[in-house]
Structure formats: structure tokens, C-alpha cells
Amino acid sequence: MTAPVVHSLREQIREHILEGIISGRWQPGERIVERRIATELEVSQTPVREALRELESLRLIESAPNKGVRVRNLTAADLEESYPVRAGLEAIAAELAAERLAGDCSALESHVSALYEADRHTDGTAQVRHTVAFHRELVRAAGNSVLLHTWEGLGIEVFTALSIRWLGTVQQSYAEEHEELVQAFRRRDPRIAEIVKAHVLGCAPRHEG
């Protein structure tokens with residue numbers, strides 16, 4: 001039996017704050033009070049400060065002297081910036097994982113099945129969760145820890161959720177386009193890196209001007 005994953009206190013606090021930003025509890029421009037979170041979660045302020053610093057490195061919050069910490073007013077352009085970087089990383093991952101995924105795509109297929117279900121019910125939360133999980137499995141299949149760590153450092157899940165929540169970038173069908181990626185891996189398509197890259201860039205939010 002595998003032991004449950006134990007997240008550090010800092011990670012738990014970070015997830016709590018992220019959930020608050022994604023759910024809209026804290027609106028863009030609103031102040032996040034370190035002391036209040038510490039009291040609410042019954043922890044000291046140190047791990048709260050560490051979690052906030054991590055979220056600042058993801059550019060989700062910003063701090064200013066004497067003004068405290070606030071949720072950043074992210075624009076479509078801000079959200080769009082991570083996509084070319086992500087597309088490049090996933091193209092590399094696709095090349096490294098091609099052989100492995102050609103032989104066994106089950107990890108990706110389970111998320112495609114879940115996406116068909118989410119599309120049917122227009123369940124935005126599940127669409128985000130399984131889209132991100134699909135791409136995480138793709139990157140993990142590359143078997144390169146540096147690549148995975150860099151990819152995770154982009155905060156894909158948050159940016160995907162925020163793109164949908166704040167900008168309304170909802171796609172008609174998440175399942176079908178991910179099914180196409182699975183088929184490309186299965187048939188050992190020599191253009192797999194290109195296909196994955198185009199897919200990721202196609203998911204980016206669009207901004208005017």
C-alpha cells in the first residue's frame with residue numbers, strides 16, 4: 001500500500017490561498033492579510049509568509065512597501081505570457097516521451113475519458129483539472145525531473161483556471177483535441193513535438209491590441 005502524500009505546511013497554506021484567488025474570495029487588487037490567514041488556519045505567520053513569497057514568484061500576487069500584499073491585476077497579456085514557454089517545454093517533453101507513450105497511453109487516456117464527461121456536463125472545474133492533469137502526465141512521461149519542475153513552476157493550473165474565470169476563454173470541446181494528441185502519440189507521428197506545441201499555443205487567452 002502506498003503511503004498518502006504529505007504536503008508541507010507551506011504547501012497547504014499556498015493551496016488555501018490559491019483556492020481563494022481562483023474561487024474569487026480575493027479579487028484582483030484586493031489585499032491579502034498575512035496575520036488573518038495565520039489566525040484562520042491556526043498557524044504562525046512564517047509559513048504564511050513563505051507561501052505568499054512563492055505565489056509572488058508565480059506573479060499571482062505583488063507586495064509593496066507599507067502597502068502589504070495584494071492579488072495582482074492580471075491582464076490577458078499577463079496570462080498569455082506563460083503559454084509560449086509552456087509550449088516549448090511540452091514540445092521537448094513530447095519528443096522525450098514519444099516512445100514511452102506510443103507503447104502505453106493509458107495515463108493520458110484516463111483524463112481524456114474524464115474530459116468527455118466534463119464536456120457533456122459543461123463542468124468547467126473538471127475541464128480545467130483534467131486538462132492540466134493530462135499535460136502534467138505528458139510532461140512526467142518524459143522522465144526528466146528538471147523539465148517537470150520547470151513546468152510546474154509556471155503555475156499552469158492556476159493560470160488555466162484564471163484564464164477561464166477572468167477572461168472567459170472556454171473551449172467547446174476539451175476532450176476531442178486531447179484525444180487527437182493521444183492518437184498522434186499512438187501512431188508515432190514524427191511531428192509530435194510540433195503538434196503538441198500548436199495545441200498549447202491554441203489554448204492561450206487572446207488579448208486585444
# chains A, B, ... in the order shown; residues from 1 in each chain; ligands from 1

$ select_by_dssp --residues "range 52-169 of chain A" --states "strand (DSSP E)" --output "PyMOL selection string"
chain A and resi 61-64+68-71

$ select_by_dssp --residues "range 139-207 of chain A" --states "helix (DSSP H, G or I)" --output "short mmCIF file (atom, residue, chain, number, x, y, z; two decimals) with all heavy atoms, in the first residue's frame"
data_model
loop_
_atom_site.label_atom_id
_atom_site.label_comp_id
_atom_site.auth_asym_id
_atom_site.auth_seq_id
_atom_site.Cartn_x
_atom_site.Cartn_y
_atom_site.Cartn_z
N VAL A 139 4.17 15.59 -19.51
CA VAL A 139 5.49 16.07 -19.10
C VAL A 139 6.19 15.03 -18.22
O VAL A 139 7.38 14.77 -18.36
CB VAL A 139 5.39 17.44 -18.38
CG1 VAL A 139 6.76 17.90 -17.88
CG2 VAL A 139 4.79 18.50 -19.31
N ARG A 140 5.42 14.40 -17.32
CA ARG A 140 6.00 13.39 -16.43
C ARG A 140 6.53 12.20 -17.23
O ARG A 140 7.56 11.62 -16.89
CB ARG A 140 4.93 12.93 -15.43
CG ARG A 140 5.49 12.05 -14.31
CD ARG A 140 4.43 11.69 -13.31
NE ARG A 140 4.14 12.79 -12.41
CZ ARG A 140 2.92 13.18 -12.06
NH1 ARG A 140 1.87 12.56 -12.54
NH2 ARG A 140 2.74 14.19 -11.23
N SER A 145 13.24 15.19 -14.55
CA SER A 145 12.78 15.92 -13.36
C SER A 145 12.97 17.43 -13.49
O SER A 145 12.18 18.20 -12.96
CB SER A 145 13.48 15.40 -12.10
OG SER A 145 14.87 15.54 -12.23
N VAL A 146 14.00 17.86 -14.19
CA VAL A 146 14.24 19.30 -14.37
C VAL A 146 13.10 19.90 -15.20
O VAL A 146 12.56 20.95 -14.89
CB VAL A 146 15.60 19.57 -15.06
CG1 VAL A 146 15.76 21.05 -15.37
CG2 VAL A 146 16.74 19.08 -14.18
N LEU A 147 12.73 19.18 -16.24
CA LEU A 147 11.64 19.62 -17.12
C LEU A 147 10.32 19.71 -16.33
O LEU A 147 9.60 20.70 -16.42
CB LEU A 147 11.50 18.63 -18.28
CG LEU A 147 10.57 19.00 -19.44
CD1 LEU A 147 11.03 20.29 -20.12
CD2 LEU A 147 10.53 17.87 -20.45
N LEU A 148 10.03 18.67 -15.56
CA LEU A 148 8.79 18.65 -14.77
C LEU A 148 8.77 19.78 -13.75
O LEU A 148 7.76 20.49 -13.61
CB LEU A 148 8.63 17.29 -14.07
CG LEU A 148 7.36 17.11 -13.22
CD1 LEU A 148 6.11 17.21 -14.08
CD2 LEU A 148 7.38 15.76 -12.50
N HIS A 149 9.88 19.98 -13.07
CA HIS A 149 9.98 21.03 -12.05
C HIS A 149 9.78 22.41 -12.69
O HIS A 149 9.08 23.27 -12.15
CB HIS A 149 11.34 20.95 -11.36
CG HIS A 149 11.53 21.99 -10.30
ND1 HIS A 149 10.89 21.93 -9.08
CD2 HIS A 149 12.26 23.14 -10.29
CE1 HIS A 149 11.22 22.99 -8.36
NE2 HIS A 149 12.04 23.73 -9.08
N THR A 150 10.39 22.62 -13.86
CA THR A 150 10.26 23.90 -14.55
C THR A 150 8.82 24.12 -15.00
O THR A 150 8.26 25.21 -14.84
CB THR A 150 11.19 23.95 -15.79
OG1 THR A 150 12.51 23.60 -15.36
CG2 THR A 150 11.22 25.32 -16.43
N TRP A 151 8.20 23.08 -15.53
CA TRP A 151 6.81 23.14 -16.00
C TRP A 151 5.88 23.48 -14.83
O TRP A 151 5.03 24.36 -14.92
CB TRP A 151 6.43 21.81 -16.64
CG TRP A 151 5.05 21.77 -17.25
CD1 TRP A 151 4.72 22.11 -18.53
CD2 TRP A 151 3.84 21.36 -16.62
NE1 TRP A 151 3.37 21.93 -18.74
CE2 TRP A 151 2.80 21.47 -17.58
CE3 TRP A 151 3.52 20.91 -15.34
CZ2 TRP A 151 1.47 21.15 -17.30
CZ3 TRP A 151 2.19 20.59 -15.05
CH2 TRP A 151 1.19 20.70 -16.02
N GLU A 152 6.07 22.77 -13.70
CA GLU A 152 5.21 23.01 -12.53
C GLU A 152 5.41 24.42 -11.99
O GLU A 152 4.49 25.03 -11.46
CB GLU A 152 5.47 21.96 -11.45
CG GLU A 152 4.90 20.61 -11.84
CD GLU A 152 5.07 19.55 -10.78
OE1 GLU A 152 6.03 19.65 -9.98
OE2 GLU A 152 4.26 18.59 -10.76
N ILE A 156 0.73 26.32 -14.11
CA ILE A 156 -0.21 26.06 -15.21
C ILE A 156 -1.66 26.00 -14.74
O ILE A 156 -2.55 26.59 -15.33
CB ILE A 156 0.12 24.72 -15.92
CG1 ILE A 156 1.59 24.63 -16.30
CG2 ILE A 156 -0.79 24.49 -17.11
CD1 ILE A 156 2.06 25.55 -17.38
N GLU A 157 -1.88 25.25 -13.65
CA GLU A 157 -3.25 25.04 -13.18
C GLU A 157 -3.94 26.36 -12.85
O GLU A 157 -5.07 26.62 -13.24
CB GLU A 157 -3.22 24.14 -11.93
CG GLU A 157 -4.57 23.65 -11.53
CD GLU A 157 -4.50 22.32 -10.77
OE1 GLU A 157 -3.41 21.91 -10.35
OE2 GLU A 157 -5.55 21.73 -10.64
N VAL A 158 -3.21 27.20 -12.14
CA VAL A 158 -3.77 28.48 -11.72
C VAL A 158 -4.06 29.36 -12.93
O VAL A 158 -5.14 29.94 -13.05
CB VAL A 158 -2.77 29.23 -10.81
CG1 VAL A 158 -3.42 30.46 -10.22
CG2 VAL A 158 -2.32 28.31 -9.70
N PHE A 159 -3.09 29.43 -13.83
CA PHE A 159 -3.27 30.31 -14.99
C PHE A 159 -4.39 29.81 -15.90
O PHE A 159 -5.12 30.61 -16.46
CB PHE A 159 -1.95 30.45 -15.76
CG PHE A 159 -1.01 31.42 -15.11
CD1 PHE A 159 -0.02 30.98 -14.24
CD2 PHE A 159 -1.13 32.78 -15.33
CE1 PHE A 159 0.84 31.89 -13.61
CE2 PHE A 159 -0.28 33.68 -14.71
CZ PHE A 159 0.71 33.25 -13.85
N THR A 160 -4.53 28.49 -16.02
CA THR A 160 -5.63 27.94 -16.82
C THR A 160 -6.97 28.31 -16.19
O THR A 160 -7.89 28.77 -16.86
CB THR A 160 -5.52 26.40 -16.94
OG1 THR A 160 -4.23 26.08 -17.43
CG2 THR A 160 -6.57 25.83 -17.87
N ALA A 161 -7.06 28.09 -14.87
CA ALA A 161 -8.31 28.40 -14.16
C ALA A 161 -8.64 29.89 -14.22
O ALA A 161 -9.79 30.29 -14.43
CB ALA A 161 -8.20 27.94 -12.71
N LEU A 162 -7.62 30.72 -14.04
CA LEU A 162 -7.84 32.17 -14.06
C LEU A 162 -8.21 32.66 -15.46
O LEU A 162 -9.01 33.57 -15.62
CB LEU A 162 -6.61 32.92 -13.54
CG LEU A 162 -6.30 32.73 -12.05
CD1 LEU A 162 -5.08 33.53 -11.65
CD2 LEU A 162 -7.47 33.11 -11.17
N SER A 163 -7.62 32.05 -16.49
CA SER A 163 -7.96 32.43 -17.87
C SER A 163 -9.45 32.21 -18.10
O SER A 163 -10.13 33.04 -18.70
CB SER A 163 -7.19 31.58 -18.87
OG SER A 163 -5.82 31.84 -18.79
N ILE A 164 -9.94 31.07 -17.60
CA ILE A 164 -11.36 30.76 -17.79
C ILE A 164 -12.24 31.64 -16.92
O ILE A 164 -13.24 32.20 -17.37
CB ILE A 164 -11.60 29.26 -17.50
CG1 ILE A 164 -10.95 28.43 -18.61
CG2 ILE A 164 -13.09 28.94 -17.41
CD1 ILE A 164 -10.92 26.95 -18.35
N ARG A 165 -11.83 31.82 -15.66
CA ARG A 165 -12.67 32.61 -14.73
C ARG A 165 -12.70 34.09 -15.10
O ARG A 165 -13.75 34.72 -15.12
CB ARG A 165 -12.15 32.45 -13.30
CG ARG A 165 -12.83 33.36 -12.30
CD ARG A 165 -12.46 33.02 -10.88
NE ARG A 165 -13.13 31.83 -10.43
CZ ARG A 165 -14.39 31.79 -10.02
NH1 ARG A 165 -15.13 32.86 -10.04
NH2 ARG A 165 -14.93 30.67 -9.61
N TRP A 166 -11.53 34.67 -15.37
CA TRP A 166 -11.46 36.12 -15.58
C TRP A 166 -11.66 36.54 -17.03
O TRP A 166 -12.11 37.64 -17.30
CB TRP A 166 -10.11 36.65 -15.08
CG TRP A 166 -9.96 36.58 -13.60
CD1 TRP A 166 -10.92 36.27 -12.68
CD2 TRP A 166 -8.76 36.81 -12.84
NE1 TRP A 166 -10.40 36.29 -11.41
CE2 TRP A 166 -9.07 36.62 -11.48
CE3 TRP A 166 -7.45 37.16 -13.18
CZ2 TRP A 166 -8.14 36.77 -10.46
CZ3 TRP A 166 -6.52 37.30 -12.16
CH2 TRP A 166 -6.86 37.12 -10.82
N LEU A 167 -11.32 35.64 -17.96
CA LEU A 167 -11.37 36.06 -19.36
C LEU A 167 -12.39 35.29 -20.18
O LEU A 167 -12.62 35.59 -21.33
CB LEU A 167 -9.98 35.87 -20.01
CG LEU A 167 -8.83 36.56 -19.29
CD1 LEU A 167 -7.51 36.08 -19.85
CD2 LEU A 167 -8.93 38.07 -19.43
N TYR A 174 -12.91 20.02 -24.86
CA TYR A 174 -11.57 19.77 -24.37
C TYR A 174 -11.15 18.34 -24.72
O TYR A 174 -10.00 18.06 -24.98
CB TYR A 174 -11.52 19.95 -22.85
CG TYR A 174 -11.59 21.40 -22.42
CD1 TYR A 174 -12.81 22.08 -22.38
CD2 TYR A 174 -10.45 22.09 -22.05
CE1 TYR A 174 -12.87 23.40 -21.99
CE2 TYR A 174 -10.51 23.42 -21.66
CZ TYR A 174 -11.72 24.07 -21.63
OH TYR A 174 -11.78 25.38 -21.25
N ALA A 175 -12.13 17.43 -24.70
CA ALA A 175 -11.82 16.01 -24.87
C ALA A 175 -11.29 15.69 -26.26
O ALA A 175 -10.27 15.02 -26.40
CB ALA A 175 -13.07 15.17 -24.58
N GLU A 176 -11.97 16.20 -27.29
CA GLU A 176 -11.60 15.83 -28.65
C GLU A 176 -10.17 16.22 -29.02
O GLU A 176 -9.44 15.44 -29.63
CB GLU A 176 -12.59 16.44 -29.65
CG GLU A 176 -13.89 15.66 -29.72
CD GLU A 176 -14.95 16.36 -30.54
OE1 GLU A 176 -14.58 17.21 -31.37
OE2 GLU A 176 -16.14 16.05 -30.34
N GLU A 177 -9.77 17.45 -28.63
CA GLU A 177 -8.42 17.86 -29.01
C GLU A 177 -7.35 17.09 -28.24
O GLU A 177 -6.25 16.87 -28.75
CB GLU A 177 -8.25 19.36 -28.89
CG GLU A 177 -8.54 19.94 -27.53
CD GLU A 177 -8.50 21.46 -27.58
OE1 GLU A 177 -9.32 22.06 -28.29
OE2 GLU A 177 -7.63 22.02 -26.90
N HIS A 178 -7.68 16.65 -27.02
CA HIS A 178 -6.72 15.85 -26.27
C HIS A 178 -6.70 14.41 -26.80
O HIS A 178 -5.66 13.75 -26.79
CB HIS A 178 -7.02 15.92 -24.77
CG HIS A 178 -6.68 17.25 -24.18
ND1 HIS A 178 -7.57 18.28 -24.13
CD2 HIS A 178 -5.51 17.74 -23.67
CE1 HIS A 178 -6.99 19.36 -23.62
NE2 HIS A 178 -5.74 19.05 -23.33
N GLU A 179 -7.85 13.95 -27.28
CA GLU A 179 -7.93 12.64 -27.93
C GLU A 179 -7.01 12.63 -29.16
O GLU A 179 -6.31 11.65 -29.44
CB GLU A 179 -9.39 12.37 -28.34
CG GLU A 179 -9.59 11.12 -29.16
CD GLU A 179 -9.50 9.84 -28.34
OE1 GLU A 179 -10.05 9.79 -27.22
OE2 GLU A 179 -8.86 8.91 -28.84
N GLU A 180 -6.99 13.75 -29.89
CA GLU A 180 -6.13 13.86 -31.09
C GLU A 180 -4.65 13.74 -30.72
O GLU A 180 -3.87 13.14 -31.46
CB GLU A 180 -6.38 15.21 -31.78
CG GLU A 180 -7.67 15.23 -32.60
CD GLU A 180 -8.06 16.63 -33.03
OE1 GLU A 180 -7.18 17.52 -33.05
OE2 GLU A 180 -9.24 16.84 -33.35
N LEU A 181 -4.27 14.31 -29.56
CA LEU A 181 -2.87 14.18 -29.12
C LEU A 181 -2.54 12.72 -28.82
O LEU A 181 -1.46 12.23 -29.18
CB LEU A 181 -2.61 15.05 -27.88
CG LEU A 181 -2.69 16.57 -28.05
CD1 LEU A 181 -2.34 17.25 -26.74
CD2 LEU A 181 -1.77 17.07 -29.15
N VAL A 182 -3.47 12.03 -28.15
CA VAL A 182 -3.25 10.61 -27.83
C VAL A 182 -3.05 9.82 -29.12
O VAL A 182 -2.14 8.99 -29.22
CB VAL A 182 -4.45 10.04 -27.02
CG1 VAL A 182 -4.37 8.52 -26.92
CG2 VAL A 182 -4.47 10.64 -25.60
N GLN A 183 -3.90 10.09 -30.12
CA GLN A 183 -3.79 9.38 -31.40
C GLN A 183 -2.44 9.65 -32.07
O GLN A 183 -1.84 8.75 -32.67
CB GLN A 183 -4.93 9.79 -32.35
CG GLN A 183 -6.33 9.44 -31.88
CD GLN A 183 -6.51 7.95 -31.59
OE1 GLN A 183 -5.78 7.11 -32.12
NE2 GLN A 183 -7.44 7.62 -30.71
N ALA A 184 -1.97 10.89 -31.96
CA ALA A 184 -0.68 11.25 -32.57
C ALA A 184 0.46 10.49 -31.90
O ALA A 184 1.40 10.02 -32.58
CB ALA A 184 -0.45 12.76 -32.46
N PHE A 185 0.40 10.32 -30.58
CA PHE A 185 1.43 9.54 -29.86
C PHE A 185 1.34 8.07 -30.30
O PHE A 185 2.36 7.43 -30.57
CB PHE A 185 1.25 9.63 -28.35
CG PHE A 185 1.88 10.86 -27.74
CD1 PHE A 185 1.08 11.88 -27.21
CD2 PHE A 185 3.26 11.02 -27.72
CE1 PHE A 185 1.66 13.02 -26.66
CE2 PHE A 185 3.85 12.15 -27.16
CZ PHE A 185 3.04 13.15 -26.63
N ARG A 186 0.10 7.57 -30.38
CA ARG A 186 -0.12 6.17 -30.75
C ARG A 186 0.46 5.82 -32.13
O ARG A 186 1.01 4.75 -32.33
CB ARG A 186 -1.61 5.88 -30.77
CG ARG A 186 -2.17 5.52 -29.42
CD ARG A 186 -2.98 4.22 -29.56
NE ARG A 186 -3.75 4.00 -28.36
CZ ARG A 186 -4.96 4.53 -28.17
NH1 ARG A 186 -5.50 5.30 -29.08
NH2 ARG A 186 -5.60 4.28 -27.07
N ILE A 192 5.20 15.05 -33.69
CA ILE A 192 4.51 15.12 -32.38
C ILE A 192 4.86 16.40 -31.60
O ILE A 192 3.99 17.03 -31.01
CB ILE A 192 4.78 13.85 -31.53
CG1 ILE A 192 3.88 13.82 -30.30
CG2 ILE A 192 6.25 13.71 -31.14
CD1 ILE A 192 2.41 13.70 -30.58
N ALA A 193 6.13 16.80 -31.60
CA ALA A 193 6.54 18.00 -30.85
C ALA A 193 5.80 19.23 -31.40
O ALA A 193 5.30 20.06 -30.64
CB ALA A 193 8.05 18.20 -30.94
N GLU A 194 5.73 19.31 -32.71
CA GLU A 194 5.07 20.42 -33.40
C GLU A 194 3.56 20.44 -33.07
O GLU A 194 2.97 21.49 -32.83
CB GLU A 194 5.22 20.15 -34.90
CG GLU A 194 5.48 21.37 -35.76
CD GLU A 194 5.75 20.88 -37.18
OE1 GLU A 194 6.84 20.31 -37.41
OE2 GLU A 194 4.85 21.04 -38.01
N ILE A 195 2.94 19.24 -33.08
CA ILE A 195 1.50 19.11 -32.82
C ILE A 195 1.19 19.57 -31.39
O ILE A 195 0.24 20.32 -31.16
CB ILE A 195 1.05 17.64 -33.03
CG1 ILE A 195 1.15 17.29 -34.52
CG2 ILE A 195 -0.35 17.41 -32.51
CD1 ILE A 195 1.03 15.80 -34.82
N VAL A 196 2.02 19.11 -30.43
CA VAL A 196 1.80 19.49 -29.02
C VAL A 196 2.00 21.00 -28.84
O VAL A 196 1.21 21.67 -28.17
CB VAL A 196 2.74 18.69 -28.08
CG1 VAL A 196 2.74 19.26 -26.68
CG2 VAL A 196 2.32 17.22 -28.06
N LYS A 197 3.03 21.52 -29.46
CA LYS A 197 3.31 22.96 -29.35
C LYS A 197 2.14 23.80 -29.88
O LYS A 197 1.69 24.74 -29.24
CB LYS A 197 4.59 23.30 -30.13
CG LYS A 197 5.08 24.72 -29.91
CD LYS A 197 6.44 24.93 -30.57
CE LYS A 197 6.97 26.32 -30.27
NZ LYS A 197 8.30 26.54 -30.85
N ALA A 198 1.63 23.42 -31.06
CA ALA A 198 0.50 24.14 -31.66
C ALA A 198 -0.74 24.04 -30.78
O ALA A 198 -1.49 25.01 -30.62
CB ALA A 198 0.21 23.57 -33.05
N HIS A 199 -0.94 22.87 -30.17
CA HIS A 199 -2.09 22.65 -29.29
C HIS A 199 -2.03 23.61 -28.08
O HIS A 199 -3.01 24.26 -27.75
CB HIS A 199 -2.11 21.19 -28.81
CG HIS A 199 -2.96 20.96 -27.61
ND1 HIS A 199 -4.33 20.80 -27.67
CD2 HIS A 199 -2.63 20.86 -26.29
CE1 HIS A 199 -4.79 20.62 -26.44
NE2 HIS A 199 -3.79 20.65 -25.59
N VAL A 200 -0.86 23.68 -27.44
CA VAL A 200 -0.71 24.54 -26.26
C VAL A 200 -0.90 26.02 -26.64
O VAL A 200 -1.61 26.75 -25.97
CB VAL A 200 0.66 24.34 -25.57
CG1 VAL A 200 0.86 25.34 -24.45
CG2 VAL A 200 0.77 22.91 -25.03
N LEU A 201 -0.28 26.44 -27.73
CA LEU A 201 -0.41 27.84 -28.16
C LEU A 201 -1.86 28.18 -28.50
O LEU A 201 -2.32 29.30 -28.29
CB LEU A 201 0.49 28.13 -29.34
CG LEU A 201 2.00 28.16 -29.03
CD1 LEU A 201 2.81 28.29 -30.30
CD2 LEU A 201 2.34 29.27 -28.05
N GLY A 202 -2.59 27.18 -29.00
CA GLY A 202 -4.01 27.38 -29.34
C GLY A 202 -4.88 27.57 -28.11
O GLY A 202 -6.02 28.05 -28.22
#

$ residues_around --residues "His130 in chain A" --least-positions-apart "6" --cutoff "7 Å" --atoms "only C-alpha atoms" --output "PyMOL selection string"
chain A and resi 111+114-115

$ atom_distance --atom1 "CA of Leu9 in chain A" --atom2 "CA of Asn144 in chain A"
26.6 Å

$ closest_residue --among "A:Arg10, A:Val112, A:Ala91, A:Arg86" --to "Arg49 in chain A" --atoms "only C-alpha atoms"
A:Arg10
